[in-house]
file final10.pdb (PDB, C-alpha atoms and all ligand atoms)
MODEL        1
ATOM      1  CA  MET A   1     -13.439  13.016  -3.368  1.00  0.00           C
ATOM      2  CA  THR A   2     -12.715  12.128   0.236  1.00  0.00           C
ATOM      3  CA  SER A   3     -13.982   8.600  -0.482  1.00  0.00           C
ATOM      4  CA  GLU A   4     -11.045   7.613  -2.735  1.00  0.00           C
ATOM      5  CA  GLN A   5      -9.318   4.440  -1.542  1.00  0.00           C
ATOM      6  CA  THR A   6      -5.922   2.847  -2.127  1.00  0.00           C
ATOM      7  CA  PHE A   7      -4.304  -0.470  -1.326  1.00  0.00           C
ATOM      8  CA  ILE A   8      -1.140  -0.109   0.762  1.00  0.00           C
ATOM      9  CA  ALA A   9       0.924  -3.063   1.982  1.00  0.00           C
ATOM     10  CA  VAL A  10       3.915  -3.444   4.247  1.00  0.00           C
ATOM     11  CA  LYS A  11       5.934  -6.146   2.481  1.00  0.00           C
ATOM     12  CA  PRO A  12       7.532  -9.110   4.357  1.00  0.00           C
ATOM     13  CA  ASP A  13      10.831  -7.216   4.844  1.00  0.00           C
ATOM     14  CA  GLY A  14       8.962  -4.237   6.313  1.00  0.00           C
ATOM     15  CA  VAL A  15       7.030  -6.506   8.693  1.00  0.00           C
ATOM     16  CA  GLN A  16      10.212  -8.318   9.823  1.00  0.00           C
ATOM     17  CA  ARG A  17      12.054  -5.020  10.280  1.00  0.00           C
ATOM     18  CA  GLY A  18       9.377  -3.624  12.588  1.00  0.00           C
ATOM     19  CA  LEU A  19       8.213  -0.970  10.129  1.00  0.00           C
ATOM     20  CA  ILE A  20       4.438  -1.510  10.325  1.00  0.00           C
ATOM     21  CA  GLY A  21       4.100   1.216  12.974  1.00  0.00           C
ATOM     22  CA  PRO A  22       6.252   3.852  11.234  1.00  0.00           C
ATOM     23  CA  ILE A  23       4.528   3.201   7.881  1.00  0.00           C
ATOM     24  CA  ILE A  24       1.035   3.439   9.384  1.00  0.00           C
ATOM     25  CA  SER A  25       2.072   6.643  11.180  1.00  0.00           C
ATOM     26  CA  ARG A  26       2.992   8.359   7.905  1.00  0.00           C
ATOM     27  CA  PHE A  27      -0.560   7.821   6.614  1.00  0.00           C
ATOM     28  CA  GLU A  28      -2.242   8.604   9.950  1.00  0.00           C
ATOM     29  CA  ASN A  29      -0.216  11.766  10.474  1.00  0.00           C
ATOM     30  CA  ARG A  30      -1.135  13.014   7.013  1.00  0.00           C
ATOM     31  CA  GLY A  31      -4.824  12.715   7.905  1.00  0.00           C
ATOM     32  CA  PHE A  32      -5.797   9.646   5.871  1.00  0.00           C
ATOM     33  CA  LYS A  33      -8.289   7.152   7.285  1.00  0.00           C
ATOM     34  CA  LEU A  34      -7.521   3.458   7.816  1.00  0.00           C
ATOM     35  CA  VAL A  35     -10.529   1.404   6.692  1.00  0.00           C
ATOM     36  CA  ALA A  36      -9.078  -2.133   6.535  1.00  0.00           C
ATOM     37  CA  ILE A  37      -6.009  -3.942   7.855  1.00  0.00           C
ATOM     38  CA  LYS A  38      -4.839  -7.554   8.218  1.00  0.00           C
ATOM     39  CA  LEU A  39      -1.695  -9.695   8.340  1.00  0.00           C
ATOM     40  CA  VAL A  40      -1.627 -12.342   5.637  1.00  0.00           C
ATOM     41  CA  THR A  41       0.970 -14.603   4.036  1.00  0.00           C
ATOM     42  CA  PRO A  42      -0.172 -14.524   0.410  1.00  0.00           C
ATOM     43  CA  SER A  43      -0.119 -17.639  -1.792  1.00  0.00           C
ATOM     44  CA  LYS A  44       1.907 -17.827  -5.017  1.00  0.00           C
ATOM     45  CA  GLU A  45      -1.346 -17.767  -7.044  1.00  0.00           C
ATOM     46  CA  HIS A  46      -2.574 -14.678  -5.207  1.00  0.00           C
ATOM     47  CA  LEU A  47       0.705 -12.835  -5.819  1.00  0.00           C
ATOM     48  CA  GLU A  48       0.834 -13.863  -9.481  1.00  0.00           C
ATOM     49  CA  LYS A  49      -2.570 -12.217  -9.864  1.00  0.00           C
ATOM     50  CA  HIS A  50      -1.540  -9.122  -7.881  1.00  0.00           C
ATOM     51  CA  TYR A  51       1.581  -8.649 -10.025  1.00  0.00           C
ATOM     52  CA  GLU A  52       0.171 -10.038 -13.315  1.00  0.00           C
ATOM     53  CA  ASP A  53       1.273  -6.921 -15.266  1.00  0.00           C
ATOM     54  CA  LEU A  54       4.913  -7.748 -14.433  1.00  0.00           C
ATOM     55  CA  ASN A  55       4.898 -11.455 -15.356  1.00  0.00           C
ATOM     56  CA  ASP A  56       7.285 -10.968 -18.279  1.00  0.00           C
ATOM     57  CA  LYS A  57       9.921  -9.182 -16.176  1.00  0.00           C
ATOM     58  CA  PRO A  58      13.201 -10.935 -15.332  1.00  0.00           C
ATOM     59  CA  PHE A  59      12.688 -10.209 -11.616  1.00  0.00           C
ATOM     60  CA  PHE A  60       9.125 -11.639 -11.544  1.00  0.00           C
ATOM     61  CA  LYS A  61       9.998 -15.037  -9.996  1.00  0.00           C
ATOM     62  CA  GLY A  62      12.140 -13.444  -7.280  1.00  0.00           C
ATOM     63  CA  LEU A  63       9.419 -10.881  -6.603  1.00  0.00           C
ATOM     64  CA  ILE A  64       6.810 -13.613  -6.010  1.00  0.00           C
ATOM     65  CA  THR A  65       9.190 -15.517  -3.690  1.00  0.00           C
ATOM     66  CA  TYR A  66      10.026 -12.326  -1.761  1.00  0.00           C
ATOM     67  CA  MET A  67       6.391 -11.279  -1.371  1.00  0.00           C
ATOM     68  CA  GLY A  68       5.318 -14.764  -0.225  1.00  0.00           C
ATOM     69  CA  SER A  69       8.216 -15.211   2.216  1.00  0.00           C
ATOM     70  CA  GLY A  70       6.263 -14.106   5.307  1.00  0.00           C
ATOM     71  CA  PRO A  71       3.363 -12.041   6.537  1.00  0.00           C
ATOM     72  CA  VAL A  72       2.374  -8.922   4.646  1.00  0.00           C
ATOM     73  CA  CYS A  73       0.400  -6.153   6.379  1.00  0.00           C
ATOM     74  CA  ALA A  74      -2.394  -5.413   3.898  1.00  0.00           C
ATOM     75  CA  MET A  75      -4.318  -2.159   4.325  1.00  0.00           C
ATOM     76  CA  VAL A  76      -6.873   0.095   2.687  1.00  0.00           C
ATOM     77  CA  TRP A  77      -6.487   3.833   3.258  1.00  0.00           C
ATOM     78  CA  GLN A  78      -9.088   6.434   2.347  1.00  0.00           C
ATOM     79  CA  GLY A  79      -9.053  10.172   1.665  1.00  0.00           C
ATOM     80  CA  ARG A  80      -8.791  12.924  -0.925  1.00  0.00           C
ATOM     81  CA  ASP A  81      -6.297  11.991  -3.671  1.00  0.00           C
ATOM     82  CA  VAL A  82      -4.994   9.120  -1.522  1.00  0.00           C
ATOM     83  CA  VAL A  83      -3.838   7.010  -4.498  1.00  0.00           C
ATOM     84  CA  LYS A  84      -1.400   9.594  -5.878  1.00  0.00           C
ATOM     85  CA  THR A  85      -0.441  10.966  -2.471  1.00  0.00           C
ATOM     86  CA  GLY A  86       0.083   7.428  -1.154  1.00  0.00           C
ATOM     87  CA  ARG A  87       2.628   6.826  -3.924  1.00  0.00           C
ATOM     88  CA  ALA A  88       4.383  10.067  -2.984  1.00  0.00           C
ATOM     89  CA  ILE A  89       4.508   8.989   0.683  1.00  0.00           C
ATOM     90  CA  LEU A  90       6.039   5.643  -0.403  1.00  0.00           C
ATOM     91  CA  GLY A  91       8.682   7.193  -2.687  1.00  0.00           C
ATOM     92  CA  ALA A  92      10.164   5.971  -5.970  1.00  0.00           C
ATOM     93  CA  THR A  93      10.197   2.226  -6.741  1.00  0.00           C
ATOM     94  CA  ASN A  94      14.000   2.179  -6.477  1.00  0.00           C
ATOM     95  CA  PRO A  95      14.803   3.323  -2.918  1.00  0.00           C
ATOM     96  CA  LEU A  96      18.121   4.795  -4.037  1.00  0.00           C
ATOM     97  CA  ALA A  97      16.107   7.209  -6.199  1.00  0.00           C
ATOM     98  CA  SER A  98      13.600   7.963  -3.410  1.00  0.00           C
ATOM     99  CA  ALA A  99      13.756  11.320  -1.698  1.00  0.00           C
ATOM    100  CA  PRO A 100      14.587  11.389   2.008  1.00  0.00           C
ATOM    101  CA  GLY A 101      11.337  11.835   3.918  1.00  0.00           C
ATOM    102  CA  THR A 102       9.588   9.167   1.874  1.00  0.00           C
ATOM    103  CA  ILE A 103       9.195   5.664   3.348  1.00  0.00           C
ATOM    104  CA  ARG A 104      11.524   4.034   0.834  1.00  0.00           C
ATOM    105  CA  GLY A 105      13.905   6.983   0.990  1.00  0.00           C
ATOM    106  CA  ASP A 106      14.167   6.600   4.755  1.00  0.00           C
ATOM    107  CA  PHE A 107      14.017   2.823   5.247  1.00  0.00           C
ATOM    108  CA  ALA A 108      15.299   0.978   2.151  1.00  0.00           C
ATOM    109  CA  ILE A 109      18.217   0.553  -0.269  1.00  0.00           C
ATOM    110  CA  ASP A 110      17.491  -2.279  -2.761  1.00  0.00           C
ATOM    111  CA  VAL A 111      14.581  -2.219  -5.229  1.00  0.00           C
ATOM    112  CA  GLY A 112      13.986  -5.921  -4.445  1.00  0.00           C
ATOM    113  CA  ARG A 113      13.555  -5.080  -0.725  1.00  0.00           C
ATOM    114  CA  ASN A 114      11.621  -1.819  -0.884  1.00  0.00           C
ATOM    115  CA  VAL A 115       9.403  -2.487   2.178  1.00  0.00           C
ATOM    116  CA  CYS A 116       6.032  -1.266   0.911  1.00  0.00           C
ATOM    117  CA  HIS A 117       3.480  -1.385  -1.897  1.00  0.00           C
ATOM    118  CA  GLY A 118       0.960   1.197  -3.063  1.00  0.00           C
ATOM    119  CA  SER A 119      -1.580   1.119  -5.904  1.00  0.00           C
ATOM    120  CA  ASP A 120      -0.484   3.132  -8.947  1.00  0.00           C
ATOM    121  CA  GLY A 121      -3.929   4.379 -10.058  1.00  0.00           C
ATOM    122  CA  VAL A 122      -7.563   4.583  -9.011  1.00  0.00           C
ATOM    123  CA  GLU A 123      -8.554   1.650 -11.255  1.00  0.00           C
ATOM    124  CA  SER A 124      -5.704  -0.611 -10.095  1.00  0.00           C
ATOM    125  CA  ALA A 125      -6.523   0.352  -6.484  1.00  0.00           C
ATOM    126  CA  LYS A 126     -10.084  -0.948  -6.973  1.00  0.00           C
ATOM    127  CA  LYS A 127      -8.760  -4.203  -8.458  1.00  0.00           C
ATOM    128  CA  GLU A 128      -6.178  -4.685  -5.705  1.00  0.00           C
ATOM    129  CA  ILE A 129      -8.640  -3.935  -2.877  1.00  0.00           C
ATOM    130  CA  ALA A 130     -11.056  -6.508  -4.339  1.00  0.00           C
ATOM    131  CA  LEU A 131      -8.236  -9.060  -4.599  1.00  0.00           C
ATOM    132  CA  TRP A 132      -6.963  -8.632  -1.022  1.00  0.00           C
ATOM    133  CA  PHE A 133     -10.176  -7.894   0.921  1.00  0.00           C
ATOM    134  CA  LYS A 134     -13.741  -9.145   1.171  1.00  0.00           C
ATOM    135  CA  GLU A 135     -16.444  -6.466   1.228  1.00  0.00           C
ATOM    136  CA  GLY A 136     -17.259  -6.963   4.928  1.00  0.00           C
ATOM    137  CA  GLU A 137     -13.617  -6.370   5.881  1.00  0.00           C
ATOM    138  CA  ILE A 138     -13.746  -2.708   4.826  1.00  0.00           C
ATOM    139  CA  GLN A 139     -15.055  -0.336   7.494  1.00  0.00           C
ATOM    140  CA  GLU A 140     -17.251   2.706   6.969  1.00  0.00           C
ATOM    141  CA  TYR A 141     -17.001   5.377   9.655  1.00  0.00           C
ATOM    142  CA  LYS A 142     -16.514   9.111  10.029  1.00  0.00           C
ATOM    143  CA  GLN A 143     -13.121  10.180  11.289  1.00  0.00           C
ATOM    144  CA  ALA A 144     -13.600  12.309  14.432  1.00  0.00           C
ATOM    145  CA  GLN A 145     -11.072  14.800  13.028  1.00  0.00           C
ATOM    146  CA  PHE A 146     -12.677  14.922   9.550  1.00  0.00           C
ATOM    147  CA  ASP A 147     -13.787  18.591   9.705  1.00  0.00           C
ATOM    148  CA  TRP A 148     -10.313  19.597  10.942  1.00  0.00           C
ATOM    149  CA  ILE A 149      -8.607  17.914   7.981  1.00  0.00           C
ATOM    150  CA  TYR A 150     -10.944  18.911   5.152  1.00  0.00           C
ATOM    151  CA  GLU A 151     -12.246  22.404   4.465  1.00  0.00           C
ATOM    152  CA  LYS A 152     -15.068  20.968   2.358  1.00  0.00           C
ATOM    153  CA  PRO A 153     -16.314  17.359   2.252  1.00  0.00           C
TER
HETATM  154  P1  LIG B   1       5.974  -0.127  -7.535  1.00  0.00           P
HETATM  155  O1  LIG B   1       4.600   0.109  -8.085  1.00  0.00           O
HETATM  156  O2  LIG B   1       6.681   1.143  -7.153  1.00  0.00           O
HETATM  157  O3  LIG B   1       5.992  -1.131  -6.400  1.00  0.00           O
HETATM  158  O4  LIG B   1       6.855  -0.739  -8.719  1.00  0.00           O
HETATM  159  P2  LIG B   1       6.470  -1.804  -9.883  1.00  0.00           P
HETATM  160  O5  LIG B   1       5.001  -2.019  -9.940  1.00  0.00           O
HETATM  161  O6  LIG B   1       7.166  -1.383 -11.110  1.00  0.00           O
HETATM  162  O7  LIG B   1       7.180  -3.138  -9.368  1.00  0.00           O
HETATM  163  C1  LIG B   1       6.624  -3.921  -8.353  1.00  0.00           C
HETATM  164  C2  LIG B   1       7.700  -4.359  -7.411  1.00  0.00           C
HETATM  165  O8  LIG B   1       8.623  -5.194  -8.119  1.00  0.00           O
HETATM  166  C3  LIG B   1       8.589  -3.248  -6.847  1.00  0.00           C
HETATM  167  O9  LIG B   1       8.018  -2.578  -5.745  1.00  0.00           O
HETATM  168  C4  LIG B   1       9.833  -4.017  -6.468  1.00  0.00           C
HETATM  169  O10 LIG B   1       9.646  -4.719  -5.240  1.00  0.00           O
HETATM  170  C5  LIG B   1       9.923  -5.033  -7.599  1.00  0.00           C
HETATM  171  N1  LIG B   1      10.806  -4.554  -8.676  1.00  0.00           N
HETATM  172  C6  LIG B   1      10.566  -3.588  -9.597  1.00  0.00           C
HETATM  173  N2  LIG B   1      11.610  -3.407 -10.421  1.00  0.00           N
HETATM  174  C7  LIG B   1      12.555  -4.293  -9.999  1.00  0.00           C
HETATM  175  C8  LIG B   1      13.877  -4.614 -10.440  1.00  0.00           C
HETATM  176  O11 LIG B   1      14.403  -4.030 -11.386  1.00  0.00           O
HETATM  177  N3  LIG B   1      14.541  -5.606  -9.750  1.00  0.00           N
HETATM  178  C9  LIG B   1      13.980  -6.254  -8.680  1.00  0.00           C
HETATM  179  N4  LIG B   1      14.683  -7.204  -8.059  1.00  0.00           N
HETATM  180  N5  LIG B   1      12.739  -5.984  -8.254  1.00  0.00           N
HETATM  181  C10 LIG B   1      12.037  -5.025  -8.887  1.00  0.00           C
HETATM  182 MG    MG B   2       3.322  -1.179  -9.075  1.00  0.00          MG
ENDMDL
END
call {"tool": "encode", "arguments": {"input": "final10.pdb", "output": "structure tokens", "more": "lines below"}}
Ligand code: GDP
Ligand code: MG
result
Amino acid sequence: MTSEQTFIAVKPDGVQRGLIGPIISRFENRGFKLVAIKLVTPSKEHLEKHYEDLNDKPFFKGLITYMGSGPVCAMVWQGRDVVKTGRAILGATNPLASAPGTIRGDFAIDVGRNVCHGSDGVESAKKEIALWFKEGEIQEYKQAQFDWIYEKP
């Protein structure tokens, strides 16, 4: 399905370190389509909802502070298998375990400063997109290069 979507975010450390461009380029170069993007400093309540599955973890409080410490670049990317492939482009959660060539493997060291977020499944992607974006903020358009990226739609 070329209509699969995932939620990708450049975290506050990635924004401050000037990594929005390089991170977007990884997804653009691969052939994925950007359908929504905005800079937002998320509230504590918003982040507690986004990370609700982790609320019993010892690092939860620090994670919420980190993620709310400045603007986040929130995006929706679309394309075939983009959820799983997006995670592969990001690399392992712990940057020290991320392969070189991945975003975290190239730009990060500490797990608590791992510069980017990506949905971990199709269902969580739907939930995260609905949490971060209103319907009208998501664009529908055909990529000019579509037929050069996909053999079959
Ligand atoms: P992700 O899906 O790869 O982002 O990983 P998780 O969903 O497991 O965790 C969410 C985020 O919490 C990670 O991206 C890290 O920023 C942070 N995190 C996860 N594990 C740890 C940890 O052991 N220590 C700290 N400080 N942060 C962590
Ligand atoms: Mg996760």
call {"tool": "residues_near_ligand", "arguments": {"input": "final10.pdb", "ligand": "ligand LIG 1 (chain B)", "cutoff": "9 Å", "atoms": "all atoms listed in the file", "output": "PyMOL selection string"}}
result
chain A and resi 11+51+53-54+57-60+62-64+66-67+87+90-94+110-120
call {"tool": "residues_around", "arguments": {"input": "final10.pdb", "residues": "Val40 of chain A", "least_positions_apart": "3", "cutoff": "7 Å", "atoms": "all atoms listed in the file", "output": "PyMOL selection string"}}
result
chain A and resi 71-73
call {"tool": "atom_distance", "arguments": {"input": "final10.pdb", "atom1": "atom CA of Gly121 of chain A", "atom2": "atom CA of Gly21 of chain A"}}
result
24.6 Å
call {"tool": "resolve_selection", "arguments": {"input": "final10.pdb", "expression": "the PyMOL selection byres (((chain A and resi 78) around 9) and not hetatm)", "output": "list in words"}}
result
Thr2, Ser3, Glu4, Gln5, Thr6, Phe32, Lys33, Leu34, Val35, Val76, Trp77, Gly79, Arg80, Asp81, Val82 and Val83 of chain A
call {"tool": "closest_residue", "arguments": {"input": "final10.pdb", "among": "A:Ala130, A:Val10, A:Gly70, A:Arg17", "to": "Ser43 of chain A", "atoms": "all atoms listed in the file"}}
result
A:Gly70
call {"tool": "closest_residue", "arguments": {"input": "final10.pdb", "among": "A:His50, A:Arg104, A:Lys134, A:Arg30", "to": "ligand MG 2 (chain B)", "atoms": "all atoms listed in the file"}}
result
A:His50
call {"tool": "closest_residue", "arguments": {"input": "final10.pdb", "among": "A:Glu52, A:Gln143, A:Gly18, A:Gly105", "to": "ligand MG 2 (chain B)", "atoms": "all atoms listed in the file"}}
result
A:Glu52
call {"tool": "residues_around", "arguments": {"input": "final10.pdb", "residues": "Met75 of chain A", "least_positions_apart": "2", "cutoff": "6 Å", "atoms": "all atoms listed in the file", "output": "list in words"}}
result
Phe7, Ile8, Ala9, Ala36 and Ile37 of chain A
call {"tool": "atom_distance", "arguments": {"input": "final10.pdb", "atom1": "atom CA of Val15 of chain A", "atom2": "atom CA of Asp56 of chain A"}}
result
27.3 Å
call {"tool": "atom_distance", "arguments": {"input": "final10.pdb", "atom1": "atom CA of Leu47 of chain A", "atom2": "atom CA of Asp106 of chain A"}}
result
25.9 Å
call {"tool": "decode", "arguments": {"input": "final10.pdb", "residues": "segment 89-115 of chain A", "atoms": "N, CA, C and O atoms", "output": "PDB file, in the first residue's frame"}}
result
ATOM      1  N   ILE A  89      15.258   3.536   9.059  1.00  0.00           N
ATOM      2  CA  ILE A  89      15.998   4.766   8.723  1.00  0.00           C
ATOM      3  C   ILE A  89      16.451   5.472  10.013  1.00  0.00           C
ATOM      4  O   ILE A  89      17.551   6.011  10.073  1.00  0.00           O
ATOM      5  N   LEU A  90      15.589   5.436  11.047  1.00  0.00           N
ATOM      6  CA  LEU A  90      15.927   6.061  12.334  1.00  0.00           C
ATOM      7  C   LEU A  90      17.056   5.316  13.049  1.00  0.00           C
ATOM      8  O   LEU A  90      17.928   5.929  13.648  1.00  0.00           O
ATOM      9  N   GLY A  91      17.020   3.987  13.035  1.00  0.00           N
ATOM     10  CA  GLY A  91      17.994   3.187  13.776  1.00  0.00           C
ATOM     11  C   GLY A  91      17.443   2.745  15.117  1.00  0.00           C
ATOM     12  O   GLY A  91      16.328   3.094  15.492  1.00  0.00           O
ATOM     13  N   ALA A  92      18.245   1.972  15.858  1.00  0.00           N
ATOM     14  CA  ALA A  92      17.815   1.438  17.148  1.00  0.00           C
ATOM     15  C   ALA A  92      17.604   2.565  18.155  1.00  0.00           C
ATOM     16  O   ALA A  92      18.228   3.622  18.053  1.00  0.00           O
ATOM     17  N   THR A  93      16.709   2.303  19.142  1.00  0.00           N
ATOM     18  CA  THR A  93      16.397   3.309  20.167  1.00  0.00           C
ATOM     19  C   THR A  93      17.663   3.841  20.825  1.00  0.00           C
ATOM     20  O   THR A  93      17.823   5.048  21.016  1.00  0.00           O
ATOM     21  N   ASN A  94      18.571   2.933  21.201  1.00  0.00           N
ATOM     22  CA  ASN A  94      19.843   3.342  21.797  1.00  0.00           C
ATOM     23  C   ASN A  94      20.855   3.628  20.675  1.00  0.00           C
ATOM     24  O   ASN A  94      21.275   2.704  19.980  1.00  0.00           O
ATOM     25  N   PRO A  95      21.228   4.885  20.500  1.00  0.00           N
ATOM     26  CA  PRO A  95      22.115   5.233  19.373  1.00  0.00           C
ATOM     27  C   PRO A  95      23.407   4.428  19.337  1.00  0.00           C
ATOM     28  O   PRO A  95      23.945   4.175  18.263  1.00  0.00           O
ATOM     29  N   LEU A  96      23.897   4.024  20.513  1.00  0.00           N
ATOM     30  CA  LEU A  96      25.148   3.254  20.520  1.00  0.00           C
ATOM     31  C   LEU A  96      24.956   1.875  19.893  1.00  0.00           C
ATOM     32  O   LEU A  96      25.930   1.232  19.488  1.00  0.00           O
ATOM     33  N   ALA A  97      23.697   1.435  19.798  1.00  0.00           N
ATOM     34  CA  ALA A  97      23.400   0.147  19.161  1.00  0.00           C
ATOM     35  C   ALA A  97      22.902   0.344  17.727  1.00  0.00           C
ATOM     36  O   ALA A  97      22.544  -0.616  17.048  1.00  0.00           O
ATOM     37  N   SER A  98      22.855   1.595  17.268  1.00  0.00           N
ATOM     38  CA  SER A  98      22.356   1.885  15.917  1.00  0.00           C
ATOM     39  C   SER A  98      23.469   1.744  14.894  1.00  0.00           C
ATOM     40  O   SER A  98      24.583   2.223  15.107  1.00  0.00           O
ATOM     41  N   ALA A  99      23.139   1.142  13.781  1.00  0.00           N
ATOM     42  CA  ALA A  99      24.135   0.966  12.720  1.00  0.00           C
ATOM     43  C   ALA A  99      24.494   2.312  12.099  1.00  0.00           C
ATOM     44  O   ALA A  99      23.624   3.170  11.928  1.00  0.00           O
ATOM     45  N   PRO A 100      25.774   2.493  11.750  1.00  0.00           N
ATOM     46  CA  PRO A 100      26.141   3.671  10.963  1.00  0.00           C
ATOM     47  C   PRO A 100      25.299   3.695   9.685  1.00  0.00           C
ATOM     48  O   PRO A 100      24.986   2.637   9.136  1.00  0.00           O
ATOM     49  N   GLY A 101      24.926   4.890   9.262  1.00  0.00           N
ATOM     50  CA  GLY A 101      24.044   4.986   8.085  1.00  0.00           C
ATOM     51  C   GLY A 101      22.615   5.253   8.488  1.00  0.00           C
ATOM     52  O   GLY A 101      21.822   5.750   7.692  1.00  0.00           O
ATOM     53  N   THR A 102      22.273   4.903   9.738  1.00  0.00           N
ATOM     54  CA  THR A 102      20.959   5.284  10.264  1.00  0.00           C
ATOM     55  C   THR A 102      21.082   6.686  10.870  1.00  0.00           C
ATOM     56  O   THR A 102      22.199   7.154  11.140  1.00  0.00           O
ATOM     57  N   ILE A 103      19.943   7.354  11.088  1.00  0.00           N
ATOM     58  CA  ILE A 103      19.995   8.711  11.652  1.00  0.00           C
ATOM     59  C   ILE A 103      20.641   8.681  13.040  1.00  0.00           C
ATOM     60  O   ILE A 103      21.583   9.421  13.316  1.00  0.00           O
ATOM     61  N   ARG A 104      20.132   7.804  13.906  1.00  0.00           N
ATOM     62  CA  ARG A 104      20.697   7.764  15.260  1.00  0.00           C
ATOM     63  C   ARG A 104      22.136   7.267  15.256  1.00  0.00           C
ATOM     64  O   ARG A 104      22.967   7.713  16.046  1.00  0.00           O
ATOM     65  N   GLY A 105      22.435   6.361  14.352  1.00  0.00           N
ATOM     66  CA  GLY A 105      23.796   5.826  14.244  1.00  0.00           C
ATOM     67  C   GLY A 105      24.789   6.838  13.696  1.00  0.00           C
ATOM     68  O   GLY A 105      25.996   6.672  13.862  1.00  0.00           O
ATOM     69  N   ASP A 106      24.287   7.870  13.054  1.00  0.00           N
ATOM     70  CA  ASP A 106      25.175   8.901  12.502  1.00  0.00           C
ATOM     71  C   ASP A 106      25.211  10.170  13.343  1.00  0.00           C
ATOM     72  O   ASP A 106      26.170  10.927  13.288  1.00  0.00           O
ATOM     73  N   PHE A 107      24.114  10.437  14.114  1.00  0.00           N
ATOM     74  CA  PHE A 107      24.009  11.755  14.745  1.00  0.00           C
ATOM     75  C   PHE A 107      23.843  11.726  16.266  1.00  0.00           C
ATOM     76  O   PHE A 107      23.652  12.794  16.859  1.00  0.00           O
ATOM     77  N   ALA A 108      23.831  10.567  16.915  1.00  0.00           N
ATOM     78  CA  ALA A 108      23.518  10.564  18.347  1.00  0.00           C
ATOM     79  C   ALA A 108      24.350   9.555  19.123  1.00  0.00           C
ATOM     80  O   ALA A 108      24.923   8.619  18.551  1.00  0.00           O
ATOM     81  N   ILE A 109      24.405   9.755  20.449  1.00  0.00           N
ATOM     82  CA  ILE A 109      25.155   8.868  21.345  1.00  0.00           C
ATOM     83  C   ILE A 109      24.255   8.349  22.478  1.00  0.00           C
ATOM     84  O   ILE A 109      24.160   7.154  22.696  1.00  0.00           O
ATOM     85  N   ASP A 110      23.580   9.281  23.194  1.00  0.00           N
ATOM     86  CA  ASP A 110      22.775   8.884  24.360  1.00  0.00           C
ATOM     87  C   ASP A 110      21.333   8.538  23.980  1.00  0.00           C
ATOM     88  O   ASP A 110      20.728   9.229  23.146  1.00  0.00           O
ATOM     89  N   VAL A 111      20.780   7.526  24.634  1.00  0.00           N
ATOM     90  CA  VAL A 111      19.382   7.135  24.375  1.00  0.00           C
ATOM     91  C   VAL A 111      18.413   8.265  24.750  1.00  0.00           C
ATOM     92  O   VAL A 111      17.367   8.431  24.125  1.00  0.00           O
ATOM     93  N   GLY A 112      18.784   9.064  25.752  1.00  0.00           N
ATOM     94  CA  GLY A 112      17.945  10.182  26.196  1.00  0.00           C
ATOM     95  C   GLY A 112      18.105  11.436  25.344  1.00  0.00           C
ATOM     96  O   GLY A 112      17.532  12.484  25.641  1.00  0.00           O
ATOM     97  N   ARG A 113      18.903  11.344  24.274  1.00  0.00           N
ATOM     98  CA  ARG A 113      19.082  12.457  23.321  1.00  0.00           C
ATOM     99  C   ARG A 113      19.226  11.856  21.925  1.00  0.00           C
ATOM    100  O   ARG A 113      20.203  12.085  21.231  1.00  0.00           O
ATOM    101  N   ASN A 114      18.197  11.084  21.531  1.00  0.00           N
ATOM    102  CA  ASN A 114      18.347  10.299  20.287  1.00  0.00           C
ATOM    103  C   ASN A 114      17.705  10.932  19.052  1.00  0.00           C
ATOM    104  O   ASN A 114      17.410  10.256  18.080  1.00  0.00           O
ATOM    105  N   VAL A 115      17.525  12.215  19.092  1.00  0.00           N
ATOM    106  CA  VAL A 115      17.200  13.160  17.996  1.00  0.00           C
ATOM    107  C   VAL A 115      15.935  12.945  17.154  1.00  0.00           C
ATOM    108  O   VAL A 115      15.516  13.875  16.458  1.00  0.00           O
TER     109      VAL A 115
END
